[in-house]
Amino acid sequence: QVQLVESGGGLVQPGGSLRLSCVASGFTFSSYAMSWYRQAPGRERELVARISAAGGITNYADSVKGRFTISRDSAKNTVYLRMNNLKPEDTAVYYCIRPAGNYWGQGTQVTVSS
């Protein structure tokens, strides 16, 4: 069955960086686009970034453009989210998603605070 397992979250100071990872299993990873969403308390889920199956096309929310980078490694069945210059408003649970079939990971908490 499809499984998505995120890691890499944690507590970081404003201006810091984190790299989230999502290891996928149970499907042919290289055939599917992947996305990262986030949800902060009291706020709606937000699409953060998306990457095409081959990795050549990426899209970002305006709020993270220029700071976040999505990438993938098909040899490792892994999608990454590199987050630089983190801000307190980036605090949220971050989820890895395979949009086709609406599969979600369990999420990883990112907290940006001094």
# chains A, B, ... in the order shown; residues from 1 in each chain; ligands from 1
$ select_by_dssp --residues "chain A" --states "strand (DSSP E or B)" --output "ChimeraX atom specification"
/A:3-7,10-12,18-25,34-39,46-51,58-60,68-73,78-83,92-98,103-104,108-112
$ write_last_selection --atoms "C-alpha atoms" --output "PDB file, in the first residue's frame"
ATOM      1  CA  GLN A   3       3.066   4.964   2.423  1.00  0.00           C
ATOM      2  CA  LEU A   4       4.559   8.413   2.864  1.00  0.00           C
ATOM      3  CA  VAL A   5       6.821   9.046   5.852  1.00  0.00           C
ATOM      4  CA  GLU A   6       8.009  12.568   6.618  1.00  0.00           C
ATOM      5  CA  SER A   7      10.946  13.575   8.761  1.00  0.00           C
ATOM      6  CA  GLY A  10      11.800  20.584  14.541  1.00  0.00           C
ATOM      7  CA  LEU A  11      12.320  23.851  16.359  1.00  0.00           C
ATOM      8  CA  VAL A  12      14.366  26.512  14.580  1.00  0.00           C
ATOM      9  CA  LEU A  18      15.426  22.997   7.769  1.00  0.00           C
ATOM     10  CA  ARG A  19      15.187  20.234   5.210  1.00  0.00           C
ATOM     11  CA  LEU A  20      12.138  18.004   5.269  1.00  0.00           C
ATOM     12  CA  SER A  21      12.239  14.549   3.706  1.00  0.00           C
ATOM     13  CA  CYS A  22       9.430  12.250   2.633  1.00  0.00           C
ATOM     14  CA  VAL A  23      10.192   8.633   1.835  1.00  0.00           C
ATOM     15  CA  ALA A  24       7.599   7.011  -0.400  1.00  0.00           C
ATOM     16  CA  SER A  25       6.793   3.332  -0.824  1.00  0.00           C
ATOM     17  CA  MET A  34       4.309  15.059  -5.321  1.00  0.00           C
ATOM     18  CA  SER A  35       3.374  17.989  -3.097  1.00  0.00           C
ATOM     19  CA  TRP A  36       3.993  19.505   0.305  1.00  0.00           C
ATOM     20  CA  TYR A  37       1.124  21.073   2.230  1.00  0.00           C
ATOM     21  CA  ARG A  38       1.092  22.703   5.632  1.00  0.00           C
ATOM     22  CA  GLN A  39      -1.506  23.477   8.256  1.00  0.00           C
ATOM     23  CA  GLU A  46      -2.065  25.506   2.324  1.00  0.00           C
ATOM     24  CA  LEU A  47      -0.311  24.073  -0.710  1.00  0.00           C
ATOM     25  CA  VAL A  48       3.352  24.940  -0.190  1.00  0.00           C
ATOM     26  CA  ALA A  49       5.057  23.388  -3.192  1.00  0.00           C
ATOM     27  CA  ARG A  50       4.544  20.875  -5.954  1.00  0.00           C
ATOM     28  CA  ILE A  51       6.942  18.963  -8.187  1.00  0.00           C
ATOM     29  CA  THR A  58       7.931  23.057  -9.678  1.00  0.00           C
ATOM     30  CA  ASN A  59       5.357  25.429  -8.255  1.00  0.00           C
ATOM     31  CA  TYR A  60       5.322  27.358  -4.995  1.00  0.00           C
ATOM     32  CA  PHE A  68      11.705  27.108  -0.131  1.00  0.00           C
ATOM     33  CA  THR A  69      12.887  24.562  -2.703  1.00  0.00           C
ATOM     34  CA  ILE A  70      11.175  21.283  -3.526  1.00  0.00           C
ATOM     35  CA  SER A  71      13.196  18.488  -5.093  1.00  0.00           C
ATOM     36  CA  ARG A  72      13.078  14.735  -5.553  1.00  0.00           C
ATOM     37  CA  ASP A  73      15.434  11.787  -5.797  1.00  0.00           C
ATOM     38  CA  THR A  78      12.278  10.640  -1.614  1.00  0.00           C
ATOM     39  CA  VAL A  79      10.899  14.139  -2.013  1.00  0.00           C
ATOM     40  CA  TYR A  80      12.508  17.013  -0.135  1.00  0.00           C
ATOM     41  CA  LEU A  81      11.528  20.491   0.978  1.00  0.00           C
ATOM     42  CA  ARG A  82      14.446  22.763   1.720  1.00  0.00           C
ATOM     43  CA  MET A  83      13.298  25.726   3.796  1.00  0.00           C
ATOM     44  CA  ALA A  92       2.827  24.466  10.942  1.00  0.00           C
ATOM     45  CA  VAL A  93       2.523  20.733  10.485  1.00  0.00           C
ATOM     46  CA  TYR A  94       3.985  19.899   7.081  1.00  0.00           C
ATOM     47  CA  TYR A  95       2.519  17.036   5.075  1.00  0.00           C
ATOM     48  CA  CYS A  96       3.841  15.114   2.103  1.00  0.00           C
ATOM     49  CA  ILE A  97       1.119  14.253  -0.419  1.00  0.00           C
ATOM     50  CA  ARG A  98       0.719  12.180  -3.522  1.00  0.00           C
ATOM     51  CA  TYR A 103      -2.460   9.993  -0.165  1.00  0.00           C
ATOM     52  CA  TRP A 104      -1.037  11.860   2.845  1.00  0.00           C
ATOM     53  CA  THR A 108       6.044  16.642  10.697  1.00  0.00           C
ATOM     54  CA  GLN A 109       5.934  19.677  12.981  1.00  0.00           C
ATOM     55  CA  VAL A 110       7.958  22.760  12.118  1.00  0.00           C
ATOM     56  CA  THR A 111       8.159  25.470  14.759  1.00  0.00           C
ATOM     57  CA  VAL A 112       9.912  28.757  14.083  1.00  0.00           C
TER      58      VAL A 112
END
$ select_by_dssp --residues "segment 4-114 of chain A" --states "helix (DSSP H, G or I)" --output "PyMOL selection string"
chain A and resi 29-31+88-90
$ residues_around --residues "Gly15 of chain A" --least-positions-apart "5" --cutoff "8 Å" --atoms "only C-alpha atoms" --output "PyMOL selection string"
chain A and resi 84-87
$ closest_residue --among "A:Gly107, A:Asp90, A:Lys76, A:Ala40" --to "Ala61 of chain A" --atoms "only C-alpha atoms"
A:Asp90
$ decode --residues "segment 39-59 of chain A" --atoms "N, CA and C atoms" --output "CSV table (one decimal), in the first residue's frame"
chain,number,residue,atom,x,y,z
A,39,GLN,N,-0.3,23.0,7.5
A,39,GLN,CA,-1.5,23.5,8.3
A,39,GLN,C,-1.1,24.0,9.6
A,40,ALA,N,-1.4,25.3,9.8
A,40,ALA,CA,-1.1,25.9,11.1
A,40,ALA,C,-2.4,25.9,11.9
A,41,PRO,N,-2.3,26.0,13.2
A,41,PRO,CA,-3.5,26.0,14.1
A,41,PRO,C,-4.4,27.1,13.7
A,42,GLY,N,-5.7,26.8,13.5
A,42,GLY,CA,-6.7,27.8,13.2
A,42,GLY,C,-6.7,28.3,11.8
A,43,ARG,N,-5.9,27.7,11.0
A,43,ARG,CA,-5.8,28.1,9.6
A,43,ARG,C,-6.1,27.0,8.6
A,44,GLU,N,-6.5,27.3,7.4
A,44,GLU,CA,-6.7,26.2,6.4
A,44,GLU,C,-5.4,25.6,5.9
A,45,ARG,N,-5.5,24.4,5.4
A,45,ARG,CA,-4.4,23.8,4.8
A,45,ARG,C,-3.9,24.6,3.6
A,46,GLU,N,-2.6,24.7,3.4
A,46,GLU,CA,-2.1,25.5,2.3
A,46,GLU,C,-1.1,24.7,1.5
A,47,LEU,N,-1.3,24.7,0.2
A,47,LEU,CA,-0.3,24.1,-0.7
A,47,LEU,C,1.0,24.9,-0.7
A,48,VAL,N,2.1,24.3,-0.3
A,48,VAL,CA,3.4,24.9,-0.2
A,48,VAL,C,4.1,24.8,-1.5
A,49,ALA,N,4.2,23.6,-2.0
A,49,ALA,CA,5.1,23.4,-3.2
A,49,ALA,C,4.6,22.1,-3.9
A,50,ARG,N,4.9,22.0,-5.2
A,50,ARG,CA,4.5,20.9,-6.0
A,50,ARG,C,5.7,20.6,-6.9
A,51,ILE,N,5.9,19.3,-7.2
A,51,ILE,CA,6.9,19.0,-8.2
A,51,ILE,C,6.4,17.9,-9.1
A,52,SER,N,6.7,18.0,-10.4
A,52,SER,CA,6.2,17.1,-11.4
A,52,SER,C,6.8,15.7,-11.2
A,53,ALA,N,6.3,14.7,-11.9
A,53,ALA,CA,6.8,13.4,-11.8
A,53,ALA,C,8.3,13.3,-12.2
A,54,ALA,N,8.7,14.0,-13.2
A,54,ALA,CA,10.1,13.9,-13.7
A,54,ALA,C,10.9,15.0,-12.9
A,55,GLY,N,10.3,15.8,-12.2
A,55,GLY,CA,11.1,16.8,-11.4
A,55,GLY,C,11.4,18.1,-12.1
A,56,GLY,N,10.9,18.2,-13.4
A,56,GLY,CA,11.3,19.4,-14.2
A,56,GLY,C,10.4,20.6,-13.9
A,57,ILE,N,9.3,20.4,-13.3
A,57,ILE,CA,8.3,21.5,-13.1
A,57,ILE,C,8.0,21.6,-11.6
A,58,THR,N,8.2,22.8,-11.1
A,58,THR,CA,7.9,23.1,-9.7
A,58,THR,C,7.0,24.3,-9.6
A,59,ASN,N,6.2,24.3,-8.5
A,59,ASN,CA,5.4,25.4,-8.3
A,59,ASN,C,5.4,25.7,-6.8
